>>> print(open('structure.cif').read())   # mmCIF, C-alpha atoms
data_input
loop_
_atom_site.label_atom_id
_atom_site.label_comp_id
_atom_site.auth_asym_id
_atom_site.auth_seq_id
_atom_site.Cartn_x
_atom_site.Cartn_y
_atom_site.Cartn_z
CA MET O 1 61.28 84.77 -65.29
CA LYS O 2 64.96 84.79 -64.70
CA GLN O 3 67.35 82.98 -66.90
CA THR O 4 68.51 80.72 -64.13
CA GLU O 5 65.08 79.22 -63.63
CA LYS O 6 65.08 77.53 -66.97
CA THR O 7 68.17 75.50 -66.27
CA PRO O 8 68.07 75.07 -62.51
CA HIS O 9 71.10 73.89 -60.67
CA ILE O 10 71.02 70.35 -59.56
CA SER O 11 71.67 71.28 -55.94
CA ASP O 12 68.73 73.69 -55.86
CA ALA O 13 66.37 71.10 -57.25
CA LEU O 14 67.52 68.42 -54.86
CA GLU O 15 67.40 70.82 -51.95
CA VAL O 16 63.73 71.50 -52.64
CA ALA O 17 63.07 67.78 -52.96
CA THR O 18 64.87 67.09 -49.69
CA LYS O 19 62.94 69.81 -47.93
CA ALA O 20 59.68 68.28 -49.13
CA GLY O 21 60.84 64.86 -47.95
CA TYR O 22 61.82 66.33 -44.60
CA ILE O 23 58.38 67.79 -44.00
CA LEU O 24 56.65 64.59 -45.08
CA LEU O 25 58.77 62.35 -42.90
CA GLU O 26 58.60 64.62 -39.87
CA ASN O 27 54.82 64.61 -39.96
CA GLY O 28 54.16 60.94 -40.31
CA ALA O 29 54.13 59.87 -43.96
CA GLU O 30 55.18 56.42 -45.12
CA ILE O 31 58.66 55.91 -46.53
CA SER O 32 57.35 54.92 -49.95
CA ARG O 33 55.37 58.16 -50.18
CA VAL O 34 58.40 60.26 -49.21
CA GLU O 35 60.54 58.55 -51.82
CA GLU O 36 57.92 58.92 -54.51
CA THR O 37 57.35 62.61 -53.79
CA MET O 38 61.06 63.46 -53.72
CA ASN O 39 61.58 61.64 -56.97
CA ARG O 40 58.63 63.38 -58.57
CA ILE O 41 59.83 66.85 -57.59
CA ALA O 42 63.45 66.26 -58.58
CA LYS O 43 62.48 64.75 -61.91
CA HIS O 44 60.31 67.68 -62.82
CA PHE O 45 63.20 70.06 -62.25
CA GLY O 46 65.40 67.99 -64.49
CA VAL O 47 67.31 65.81 -62.06
CA ASP O 48 66.85 62.14 -62.77
CA THR O 49 70.12 61.03 -61.24
CA GLY O 50 69.02 61.63 -57.67
CA ASN O 51 69.43 58.82 -55.18
CA TYR O 52 67.49 58.74 -51.95
CA PHE O 53 67.99 56.59 -48.92
CA ILE O 54 65.30 57.20 -46.39
CA LEU O 55 65.08 56.00 -42.82
CA SER O 56 62.35 56.94 -40.43
CA ASN O 57 64.62 59.56 -38.88
CA GLY O 58 66.98 60.51 -41.65
CA ILE O 59 67.17 61.30 -45.35
CA PHE O 60 70.31 60.79 -47.43
CA THR O 61 70.21 62.49 -50.80
CA THR O 62 72.87 62.40 -53.45
CA GLY O 63 72.78 63.57 -57.06
CA LYS O 64 75.14 64.04 -59.92
CA ALA O 65 74.67 66.22 -62.95
CA LYS O 66 74.70 64.75 -66.40
CA LYS O 67 77.33 66.01 -68.82
CA ILE O 68 75.90 69.14 -70.36
CA LYS O 69 77.38 70.26 -73.62
CA LYS O 70 76.75 73.96 -73.12
CA LYS O 71 79.67 76.06 -72.07
CA ASN O 72 79.71 78.45 -69.15
CA THR O 73 77.45 76.33 -67.03
CA SER O 74 78.59 75.74 -63.54
CA SER O 75 76.48 72.60 -63.27
CA LEU O 76 78.80 70.76 -65.62
CA SER O 77 80.32 68.51 -63.03
CA GLU O 78 78.15 69.43 -60.13
CA GLN O 79 77.45 66.99 -57.37
CA PHE O 80 75.06 67.10 -54.49
CA ALA O 81 75.07 65.24 -51.22
CA ASP O 82 72.98 65.91 -48.15
CA VAL O 83 72.16 64.15 -44.92
CA LYS O 84 69.22 65.31 -42.85
CA TYR O 85 68.47 64.11 -39.36
CA ILE O 86 64.80 64.11 -38.50
CA PRO O 87 63.70 63.57 -34.91
CA LEU O 88 60.69 61.34 -34.34
CA ARG O 89 57.89 63.67 -33.45
CA GLY O 90 54.16 63.95 -33.45
CA SER O 91 52.29 64.03 -36.69
CA ARG O 92 50.56 66.77 -38.61
CA LEU O 93 48.69 65.18 -41.45
CA ASP O 94 47.62 68.54 -42.88
CA LYS O 95 51.25 69.17 -43.86
CA VAL O 96 51.41 65.76 -45.54
CA VAL O 97 48.30 66.64 -47.54
CA LEU O 98 49.68 70.02 -48.55
CA VAL O 99 53.10 68.73 -49.62
CA ASN O 100 51.41 65.98 -51.59
CA GLN O 101 49.25 68.54 -53.34
CA LEU O 102 52.28 70.76 -53.97
CA SER O 103 54.23 67.91 -55.56
CA ARG O 104 51.37 67.27 -57.94
CA ASP O 105 51.17 70.97 -58.80
CA ILE O 106 54.90 70.98 -59.45
CA GLU O 107 54.52 68.02 -61.74
CA GLN O 108 51.94 69.91 -63.75
CA GLY O 109 54.35 72.83 -64.05
CA LYS O 110 52.48 75.26 -61.85
CA HIS O 111 55.55 76.17 -59.78
CA SER O 112 59.04 77.40 -60.47
CA LEU O 113 61.87 76.24 -58.27
CA GLU O 114 61.80 79.41 -56.21
CA SER O 115 58.07 79.51 -55.67
CA ALA O 116 58.10 75.84 -54.73
CA ALA O 117 60.77 76.49 -52.12
CA LYS O 118 58.76 79.41 -50.79
CA GLU O 119 55.61 77.31 -50.68
CA LEU O 120 57.40 74.57 -48.73
CA GLU O 121 58.64 77.13 -46.26
CA LYS O 122 55.07 78.29 -45.78
CA ILE O 123 53.81 74.74 -45.24
CA ASP O 124 56.56 74.08 -42.72
CA LYS O 125 55.51 77.06 -40.63
CA LEU O 126 51.80 76.25 -40.69
CA PRO O 127 50.40 76.81 -37.20
CA ALA O 128 48.88 73.91 -35.30
CA GLU O 129 45.27 73.69 -34.20
CA SER O 130 44.62 75.95 -31.21
CA LYS O 131 45.32 74.43 -27.83
CA LEU O 132 41.74 74.82 -26.68
CA VAL O 133 40.41 72.84 -29.64
CA GLN O 134 43.06 70.16 -29.08
CA THR O 135 42.16 69.83 -25.42
CA ILE O 136 38.43 69.60 -26.09
CA SER O 137 38.92 67.01 -28.82
CA SER O 138 41.19 65.01 -26.53
CA GLY O 139 38.37 64.89 -24.00
CA ILE O 140 35.77 63.97 -26.61
CA GLY O 141 38.04 61.28 -28.03
CA SER O 142 38.65 59.80 -24.59
CA GLY O 143 34.93 59.67 -23.86
CA PHE O 144 33.95 57.96 -27.08
CA PHE O 145 36.86 55.55 -27.04
CA CYS O 146 35.85 54.50 -23.55
CA SER O 147 32.51 53.42 -25.00
CA ILE O 148 34.29 51.66 -27.87
CA PHE O 149 36.31 49.62 -25.39
CA GLY O 150 33.23 48.61 -23.46
CA GLY O 151 32.66 51.27 -20.82
CA GLY O 152 29.24 52.45 -19.72
CA LEU O 153 27.90 55.98 -19.94
CA GLN O 154 29.21 57.09 -16.55
CA ASP O 155 32.65 55.68 -17.34
CA CYS O 156 32.66 57.68 -20.55
CA PHE O 157 32.11 60.94 -18.72
CA VAL O 158 34.88 60.17 -16.23
CA SER O 159 37.19 59.27 -19.14
CA ALA O 160 36.32 62.45 -20.99
CA PHE O 161 37.18 64.56 -17.95
CA ALA O 162 40.46 62.70 -17.38
CA GLY O 163 41.36 63.00 -21.08
CA LEU O 164 40.74 66.73 -20.91
CA VAL O 165 43.01 67.20 -17.89
CA LEU O 166 45.59 64.86 -19.43
CA TRP O 167 45.90 66.96 -22.56
CA ILE O 168 46.20 70.21 -20.61
CA PHE O 169 49.01 68.56 -18.67
CA ALA O 170 50.62 67.31 -21.89
CA LEU O 171 50.54 70.75 -23.50
CA LYS O 172 51.71 72.68 -20.44
CA VAL O 173 54.19 70.32 -18.82
CA SER O 174 55.13 67.07 -20.50
CA ILE O 175 55.67 68.12 -24.12
CA PRO O 176 57.80 71.23 -23.45
CA HIS O 177 59.69 70.04 -20.37
CA MET O 178 59.91 66.25 -20.29
CA SER O 179 61.41 63.40 -22.28
CA LYS O 180 59.05 61.14 -24.18
CA LEU O 181 59.14 58.26 -21.70
CA LEU O 182 58.86 60.40 -18.59
CA GLY O 183 56.17 62.58 -20.17
CA ASN O 184 54.00 59.58 -20.99
CA MET O 185 54.52 58.06 -17.56
CA ALA O 186 53.56 61.29 -15.82
CA GLY O 187 50.57 61.82 -18.11
CA SER O 188 49.14 58.37 -17.68
CA PHE O 189 49.81 58.51 -13.93
CA LEU O 190 47.73 61.67 -13.76
CA ALA O 191 44.94 60.21 -15.88
CA ALA O 192 44.84 56.99 -13.89
CA ALA O 193 44.85 58.91 -10.59
CA ILE O 194 41.86 60.97 -11.69
CA CYS O 195 40.02 57.83 -12.75
CA ILE O 196 40.75 56.03 -9.47
CA LEU O 197 39.59 58.98 -7.38
CA ALA O 198 36.46 59.40 -9.48
CA VAL O 199 35.48 55.73 -9.48
CA LYS O 200 36.17 55.28 -5.76
CA ASN O 201 33.97 58.30 -5.05
CA GLY O 202 31.08 56.80 -6.98
CA PHE O 203 31.31 58.57 -10.34
CA GLY O 204 32.07 55.55 -12.46
CA VAL O 205 31.47 51.82 -12.59
CA SER O 206 34.44 50.08 -14.14
CA LEU O 207 37.92 51.34 -13.32
CA GLY O 208 39.58 49.44 -16.18
CA HIS O 209 37.38 50.97 -18.86
CA THR O 210 37.74 54.50 -17.56
CA ILE O 211 41.54 54.26 -17.48
CA ILE O 212 41.68 52.82 -21.00
CA GLY O 213 39.58 55.67 -22.32
CA ALA O 214 41.55 58.29 -20.41
CA VAL O 215 44.99 57.27 -21.67
CA ILE O 216 43.91 56.82 -25.30
CA PRO O 217 45.15 60.31 -26.40
CA LEU O 218 48.68 59.17 -25.49
CA VAL O 219 48.53 55.90 -27.46
CA PRO O 220 50.77 56.32 -30.52
CA GLY O 221 48.27 55.46 -33.23
CA VAL O 222 50.12 57.10 -36.10
CA ALA O 223 53.57 55.70 -35.27
CA PHE O 224 52.09 52.25 -34.88
CA THR O 225 50.03 52.20 -38.07
CA ILE O 226 52.76 53.76 -40.20
CA GLY O 227 55.32 51.39 -38.72
CA ILE O 228 53.25 48.42 -39.81
CA ARG O 229 52.67 50.02 -43.18
CA ASP O 230 56.42 50.50 -43.65
CA ILE O 231 57.19 46.91 -42.74
CA VAL O 232 54.53 45.66 -45.14
CA GLY O 233 56.05 47.93 -47.79
CA GLU O 234 59.45 46.28 -47.18
CA ASP O 235 61.06 49.25 -45.44
CA TYR O 236 62.07 47.12 -42.49
CA LEU O 237 64.56 49.47 -40.87
CA ALA O 238 62.20 52.43 -40.83
CA GLY O 239 59.29 50.26 -39.78
CA THR O 240 61.07 48.73 -36.80
CA THR O 241 62.31 52.15 -35.67
CA ARG O 242 58.78 53.43 -35.57
CA LEU O 243 57.42 50.33 -33.87
CA VAL O 244 60.11 50.53 -31.19
CA ASP O 245 59.24 54.18 -30.74
CA ALA O 246 55.59 53.19 -30.31
CA CYS O 247 56.52 50.43 -27.84
CA VAL O 248 58.49 52.87 -25.68
CA VAL O 249 55.37 55.01 -25.46
CA PHE O 250 53.21 51.98 -24.63
CA PHE O 251 55.68 51.05 -21.91
CA GLY O 252 55.55 54.58 -20.49
CA ILE O 253 51.76 54.52 -20.38
CA ALA O 254 51.66 51.11 -18.71
CA MET O 255 54.25 52.17 -16.14
CA GLY O 256 52.32 55.34 -15.29
CA VAL O 257 49.10 53.41 -14.73
CA ALA O 258 50.86 50.71 -12.72
CA VAL O 259 52.51 53.27 -10.44
CA ALA O 260 49.20 55.05 -9.93
CA LEU O 261 47.48 51.79 -8.97
CA LEU O 262 50.34 50.92 -6.63
CA VAL O 263 50.24 54.28 -4.88
CA PHE O 264 46.48 54.37 -4.51
CA SER O 265 46.22 50.78 -3.35
CA LYS O 266 47.51 52.18 -0.04
CA PHE O 267 44.29 54.20 0.28
CA PHE O 268 41.64 52.11 -1.44
CA THR O 269 40.95 48.40 -1.45
CA SER O 270 40.34 46.16 -4.45
CA LEU O 271 41.97 48.22 -7.18
CA GLU O 272 41.91 46.07 -10.26
CA ILE O 273 41.62 46.72 -13.93
CA MET P 1 17.02 51.12 -14.28
CA ILE P 2 20.13 53.26 -13.99
CA GLN P 3 22.17 50.19 -14.80
CA ASP P 4 20.20 49.66 -18.02
CA PHE P 5 20.61 53.25 -19.08
CA ASP P 6 24.28 53.18 -18.27
CA MET P 7 24.89 50.36 -20.70
CA ILE P 8 23.28 52.31 -23.54
CA THR P 9 26.83 52.63 -24.84
CA GLN P 10 26.92 48.96 -25.69
CA THR P 11 24.32 49.17 -28.45
CA LEU P 12 25.13 49.12 -32.12
CA TRP P 13 23.99 52.65 -32.89
CA PHE P 14 25.89 54.12 -29.96
CA GLN P 15 29.01 52.27 -31.08
CA ALA P 16 28.61 53.73 -34.56
CA ILE P 17 28.33 57.23 -33.10
CA SER P 18 31.36 56.57 -30.90
CA GLY P 19 33.34 55.43 -33.91
CA PHE P 20 32.32 58.55 -35.83
CA PHE P 21 33.12 61.14 -33.18
CA GLY P 22 36.09 59.27 -31.75
CA THR P 23 37.70 59.24 -35.17
CA ILE P 24 36.99 62.93 -35.71
CA ALA P 25 38.46 63.79 -32.29
CA PHE P 26 41.69 62.06 -33.25
CA ASP P 27 41.63 63.70 -36.67
CA VAL P 28 41.87 66.98 -34.77
CA LEU P 29 44.81 65.75 -32.69
CA PHE P 30 46.61 64.44 -35.79
CA GLY P 31 46.08 67.74 -37.58
CA VAL P 32 43.88 66.48 -40.41
CA PRO P 33 42.43 69.41 -42.40
CA LYS P 34 38.86 70.29 -41.43
CA LYS P 35 37.38 69.49 -44.83
CA TYR P 36 38.18 65.80 -44.35
CA PHE P 37 36.62 65.45 -40.89
CA PHE P 38 33.21 64.22 -41.98
CA THR P 39 34.55 61.68 -44.46
CA GLY P 40 37.16 60.49 -41.96
CA GLY P 41 34.45 60.03 -39.36
CA ILE P 42 32.39 57.96 -41.76
CA VAL P 43 35.38 55.72 -42.52
CA GLY P 44 36.07 55.19 -38.82
CA ALA P 45 32.43 54.57 -37.99
CA ALA P 46 32.00 52.13 -40.87
CA GLY P 47 35.05 50.11 -39.89
CA TRP P 48 34.20 49.95 -36.22
CA THR P 49 30.50 49.20 -36.80
CA THR P 50 31.46 46.36 -39.13
CA ASN P 51 33.67 44.91 -36.43
CA VAL P 52 31.02 45.22 -33.72
CA TYR P 53 28.18 43.95 -35.90
CA LEU P 54 30.09 40.89 -37.07
CA SER P 55 31.30 39.92 -33.62
CA TRP P 56 28.01 40.58 -31.80
CA TYR P 57 25.38 39.40 -34.26
CA CYS P 58 27.17 37.03 -36.64
CA GLY P 59 29.38 35.24 -34.14
CA PHE P 60 32.62 36.05 -35.95
CA SER P 61 35.86 35.46 -34.05
CA VAL P 62 38.14 38.32 -33.06
CA PHE P 63 40.39 37.61 -36.01
CA ASN P 64 37.66 37.43 -38.64
CA SER P 65 35.72 40.49 -37.53
CA ASN P 66 38.85 42.64 -37.37
CA PHE P 67 39.96 41.31 -40.73
CA CYS P 68 36.67 42.32 -42.36
CA ALA P 69 36.65 45.67 -40.59
CA ALA P 70 40.19 46.46 -41.74
CA MET P 71 39.20 45.58 -45.30
CA VAL P 72 36.17 47.87 -45.13
CA THR P 73 38.22 50.71 -43.63
CA THR P 74 41.04 50.47 -46.16
CA PHE P 75 38.63 50.12 -49.07
CA LEU P 76 36.62 53.18 -48.06
CA SER P 77 39.84 55.13 -47.39
CA ARG P 78 41.05 54.42 -50.89
CA CYS P 79 37.70 55.34 -52.42
CA PHE P 80 37.51 58.63 -50.54
CA ALA P 81 41.17 59.38 -51.27
CA VAL P 82 40.33 59.38 -54.98
CA VAL P 83 37.09 61.30 -54.55
CA LYS P 84 38.59 63.93 -52.23
CA LYS P 85 42.00 63.98 -53.95
CA CYS P 86 44.22 63.50 -50.94
CA PRO P 87 46.64 60.87 -49.62
CA VAL P 88 45.09 57.63 -48.36
CA THR P 89 46.97 58.04 -45.07
CA VAL P 90 44.63 60.82 -43.99
CA PHE P 91 41.65 58.50 -43.73
CA ARG P 92 43.40 55.26 -42.99
CA ILE P 93 45.32 56.20 -39.85
CA SER P 94 42.41 57.59 -37.88
CA GLY P 95 39.99 55.11 -39.45
CA LEU P 96 42.01 52.15 -38.23
CA LEU P 97 42.53 53.65 -34.78
CA PRO P 98 39.47 51.99 -33.15
CA LEU P 99 40.70 48.64 -34.47
CA VAL P 100 44.45 48.91 -33.81
CA PRO P 101 45.15 47.05 -30.56
CA GLY P 102 47.05 49.89 -28.93
CA VAL P 103 45.13 49.32 -25.75
CA GLY P 104 45.77 45.58 -25.93
CA ILE P 105 49.50 46.17 -26.07
CA TYR P 106 49.38 48.67 -23.25
CA GLN P 107 47.36 46.20 -21.16
CA THR P 108 49.83 43.41 -21.91
CA ILE P 109 52.72 45.50 -20.66
CA TYR P 110 50.66 46.50 -17.64
CA TYR P 111 49.93 42.87 -16.75
CA ILE P 112 53.60 41.97 -17.17
CA ILE P 113 54.57 44.78 -14.80
CA SER P 114 51.96 43.74 -12.27
CA ASP P 115 53.07 40.10 -12.32
CA ASN P 116 49.89 38.70 -13.85
CA PHE P 117 51.42 36.53 -16.54
CA SER P 118 48.43 34.45 -17.55
CA LYS P 119 46.41 37.62 -18.22
CA ALA P 120 49.42 39.13 -19.99
CA PHE P 121 49.65 36.13 -22.28
CA GLU P 122 45.94 36.24 -23.02
CA THR P 123 45.76 39.96 -23.87
CA GLY P 124 49.07 39.86 -25.71
CA PHE P 125 47.97 36.99 -27.88
CA THR P 126 44.65 38.67 -28.66
CA ALA P 127 46.48 41.87 -29.58
CA LEU P 128 48.75 39.92 -31.89
CA LYS P 129 45.78 38.22 -33.54
CA VAL P 130 44.01 41.54 -34.10
CA LEU P 131 47.20 43.05 -35.46
CA THR P 132 47.70 40.22 -37.92
CA ALA P 133 44.09 40.45 -39.03
CA ILE P 134 44.42 44.18 -39.66
CA ILE P 135 47.66 43.78 -41.58
CA ILE P 136 46.25 41.05 -43.82
CA GLY P 137 43.07 43.01 -44.45
CA MET P 138 45.05 46.12 -45.25
CA VAL P 139 47.46 44.32 -47.58
CA ILE P 140 44.70 42.58 -49.53
CA VAL P 141 42.85 45.82 -50.21
CA SER P 142 46.11 47.64 -50.95
CA GLY P 143 46.70 45.06 -53.65
CA ILE P 144 43.68 46.19 -55.65
CA PRO P 145 45.10 48.07 -58.64
CA ASN P 146 44.73 51.84 -58.68
CA GLY P 147 42.75 51.72 -61.90
CA VAL P 148 39.72 50.30 -60.08
CA PHE P 149 39.52 53.33 -57.82
CA LYS P 150 40.16 55.75 -60.69
CA LEU P 151 36.63 54.87 -61.85
CA LEU P 152 35.41 56.97 -58.93
CA LYS P 153 37.09 60.06 -60.31
CA LYS P 154 33.89 61.34 -61.86
CA PHE P 155 32.48 61.85 -58.35
CA SER P 156 35.30 64.19 -57.34
CA LYS P 157 34.71 67.89 -57.57
#
>>> encode(input="structure.cif", output="structure tokens")
Amino acid sequence: MKQTEKTPHISDALEVATKAGYILLENGAEISRVEETMNRIAKHFGVDTGNYFILSNGIFTTGKAKKIKKKNTSSLSEQFADVKYIPLRGSRLDKVVLVNQLSRDIEQGKHSLESAAKELEKIDKLPAESKLVQTISSGIGSGFFCSIFGGGLQDCFVSAFAGLVLWIFALKVSIPHMSKLLGNMAGSFLAAAICILAVKNGFGVSLGHTIIGAVIPLVPGVAFTIGIRDIVGEDYLAGTTRLVDACVVFFGIAMGVAVALLVFSKFFTSLEI
Amino acid sequence: MIQDFDMITQTLWFQAISGFFGTIAFDVLFGVPKKYFFTGGIVGAAGWTTNVYLSWYCGFSVFNSNFCAAMVTTFLSRCFAVVKKCPVTVFRISGLLPLVPGVGIYQTIYYIISDNFSKAFETGFTALKVLTAIIIGMVIVSGIPNGVFKLLKKFSK
């Protein structure tokens, strides 16, 4: 144990807290949870003057050291201010779980400031689920959600296939190379096209149900639910940002499907959903 | 005969299975840790089956059945969050996914784009009703004090 760890600098403590908040917010935690966790971490490391202002895509942290009577301490009149911009991205709930666990461990004194920072770094770099597993689960999800929304067995299989192709497309093309709106439009166009071709060739019964199932992996469930949760928890600014984000995605999906139906109505008759 | 077999999906037990595996599939996409898959699936299946059962067999309206289902989902999420020692979010997000009217909103926008305003109004209003029901259900159960759920702590490993 080094000497410095016993009286940590205020900036170090708040930096760790901000990093934890960053990971939480980036991966789809509610504002109240982010605030609570940051406060918990900072308090444990002796900073109870921290102020946090959290939006859904930014964290503002400021802190000021209390007057310490000891001499030779650089933290005598130390101040800390930090602004972090956080782009709205997909969610990784495993990171939320891990940071939550870490903050509780910190509270129980299991971590020093340095080991906590190291641990956060490790959580941040956690690899995602393999692409194959993601693709398969996208297909499975599409199939079962088609049945939830009222499709028959054949429709479910068509949906599952379209969901599978959709996720391959999302991983290979739309996520790395396209903007959010364009990516969703292209993805849902592809899914709807597959469904139309399949149904018109006799592989499905109800076009509407197959398309709903197929585009379900694109529907922003997390953004939507968390947005509502934030608004209910009185974080209106963050909540509306997330809901608008979700609505842009909904719009993209609807546009993609509409374009697909428009294009294919030149080749097939009675396309309706 | 094929027609009958095709509609096997619209039976209660198949809906329960769909809720279970559909929720787990989205757990994978949302990056939920593997150890919570089974519990998450149960939460999703319970919520969705409640909704289906109430609206099919008890004649509940869209609002009421979704309200009850959201209450069941949030309640179970909070119970399992204590038992499994993890944030409620993990179970709640994917558990509510079958209920959340994402598809309703997408359909509304689709109908607006395709100039079918009466349909757009209908689906949009239904989506709004479902949304309100879910929010109220969620808020009511969120209001239960934490102490009630702490009683479940003895079941956690």
>>> interface_residues(input="structure.cif", of="chain P", to="chain O", cutoff="6 Å", atoms="all atoms listed in the file", output="ChimeraX atom specification")
/P:6-7,9,18,22,25,29-33,106,110
>>> axis_aligned_box(input="structure.cif", around="segment 227-235 of chain O", padding_each_side="8 Å", output="lines of an AutoDock Vina configuration file")
center_x = 56.9
center_y = 48.5
center_z = -43.3
size_x = 24.4
size_y = 21.7
size_z = 25.1
>>> closest_residue(input="structure.cif", among="P:Ala133, P:Val28, P:Val103, P:Val148", to="Arg78 of chain P", atoms="all atoms listed in the file")
P:Val148
>>> atom_distance(input="structure.cif", atom1="atom CA of Thr89 of chain P", atom2="atom CA of Ala127 of chain P")
22.4 Å
>>> residues_around(input="structure.cif", residues="Ala16 of chain P", least_positions_apart="3", cutoff="12 Å", atoms="only C-alpha atoms", output="NGL selection string")
(:O and (144-145 or 147-148)) or (:P and (9-13 or 19-23 or 41-53 or 98))
>>> residues_around(input="structure.cif", residues="Thr241 of chain O", least_positions_apart="5", cutoff="9 Å", atoms="all atoms listed in the file", output="MDAnalysis selection string")
chainID O and resid 55:57 227 236 246
>>> atom_distance(input="structure.cif", atom1="atom CA of Thr240 of chain O", atom2="atom CA of Ile54 of chain O")
13.5 Å
>>> closest_residue(input="structure.cif", among="O:His209, O:Asn184, O:Val158, O:Pro87", to="Ala170 of chain O", atoms="all atoms listed in the file")
O:Asn184
>>> resolve_selection(input="structure.cif", expression="the PyMOL selection byres ((chain O and resi 80-84) around 8)", output="PDB file with C-alpha atoms, keeping the file's coordinate frame")
ATOM      1  CA  ILE O  10      71.020  70.350 -59.560  1.00  0.00           C
ATOM      2  CA  SER O  11      71.670  71.280 -55.940  1.00  0.00           C
ATOM      3  CA  LEU O  14      67.520  68.420 -54.860  1.00  0.00           C
ATOM      4  CA  TYR O  22      61.820  66.330 -44.600  1.00  0.00           C
ATOM      5  CA  GLY O  58      66.980  60.510 -41.650  1.00  0.00           C
ATOM      6  CA  ILE O  59      67.170  61.300 -45.350  1.00  0.00           C
ATOM      7  CA  PHE O  60      70.310  60.790 -47.430  1.00  0.00           C
ATOM      8  CA  THR O  61      70.210  62.490 -50.800  1.00  0.00           C
ATOM      9  CA  THR O  62      72.870  62.400 -53.450  1.00  0.00           C
ATOM     10  CA  GLY O  63      72.780  63.570 -57.060  1.00  0.00           C
ATOM     11  CA  LYS O  64      75.140  64.040 -59.920  1.00  0.00           C
ATOM     12  CA  GLU O  78      78.150  69.430 -60.130  1.00  0.00           C
ATOM     13  CA  GLN O  79      77.450  66.990 -57.370  1.00  0.00           C
ATOM     14  CA  TYR O  85      68.470  64.110 -39.360  1.00  0.00           C
ATOM     15  CA  ILE O  86      64.800  64.110 -38.500  1.00  0.00           C
TER      16      ILE O  86
END
>>> atom_distance(input="structure.cif", atom1="atom CA of Pro145 of chain P", atom2="atom CA of Leu76 of chain P")
14.5 Å
>>> resolve_selection(input="structure.cif", expression="the PyMOL selection byres ((chain O and resi 174) around 12)", output="VMD selection string")
chain O and resid 166 to 173 175 to 188 190 218
>>> resolve_selection(input="structure.cif", expression="the PyMOL selection byres ((chain P and resi 65) around 10)", output="ChimeraX atom specification")
/P:47-48,50-56,58-64,66-71,130,133-134
>>> write_last_selection(input="structure.cif", atoms="C-alpha atoms", output="PDB file, keeping the file's coordinate frame")
ATOM      1  CA  GLY P  47      35.050  50.110 -39.890  1.00  0.00           C
ATOM      2  CA  TRP P  48      34.200  49.950 -36.220  1.00  0.00           C
ATOM      3  CA  THR P  50      31.460  46.360 -39.130  1.00  0.00           C
ATOM      4  CA  ASN P  51      33.670  44.910 -36.430  1.00  0.00           C
ATOM      5  CA  VAL P  52      31.020  45.220 -33.720  1.00  0.00           C
ATOM      6  CA  TYR P  53      28.180  43.950 -35.900  1.00  0.00           C
ATOM      7  CA  LEU P  54      30.090  40.890 -37.070  1.00  0.00           C
ATOM      8  CA  SER P  55      31.300  39.920 -33.620  1.00  0.00           C
ATOM      9  CA  TRP P  56      28.010  40.580 -31.800  1.00  0.00           C
ATOM     10  CA  CYS P  58      27.170  37.030 -36.640  1.00  0.00           C
ATOM     11  CA  GLY P  59      29.380  35.240 -34.140  1.00  0.00           C
ATOM     12  CA  PHE P  60      32.620  36.050 -35.950  1.00  0.00           C
ATOM     13  CA  SER P  61      35.860  35.460 -34.050  1.00  0.00           C
ATOM     14  CA  VAL P  62      38.140  38.320 -33.060  1.00  0.00           C
ATOM     15  CA  PHE P  63      40.390  37.610 -36.010  1.00  0.00           C
ATOM     16  CA  ASN P  64      37.660  37.430 -38.640  1.00  0.00           C
ATOM     17  CA  ASN P  66      38.850  42.640 -37.370  1.00  0.00           C
ATOM     18  CA  PHE P  67      39.960  41.310 -40.730  1.00  0.00           C
ATOM     19  CA  CYS P  68      36.670  42.320 -42.360  1.00  0.00           C
ATOM     20  CA  ALA P  69      36.650  45.670 -40.590  1.00  0.00           C
ATOM     21  CA  ALA P  70      40.190  46.460 -41.740  1.00  0.00           C
ATOM     22  CA  MET P  71      39.200  45.580 -45.300  1.00  0.00           C
ATOM     23  CA  VAL P 130      44.010  41.540 -34.100  1.00  0.00           C
ATOM     24  CA  ALA P 133      44.090  40.450 -39.030  1.00  0.00           C
ATOM     25  CA  ILE P 134      44.420  44.180 -39.660  1.00  0.00           C
TER      26      ILE P 134
END
>>> closest_residue(input="structure.cif", among="P:Thr73, P:Gly147, P:Lys154, P:Thr39", to="Arg92 of chain P", atoms="all atoms listed in the file")
P:Thr73
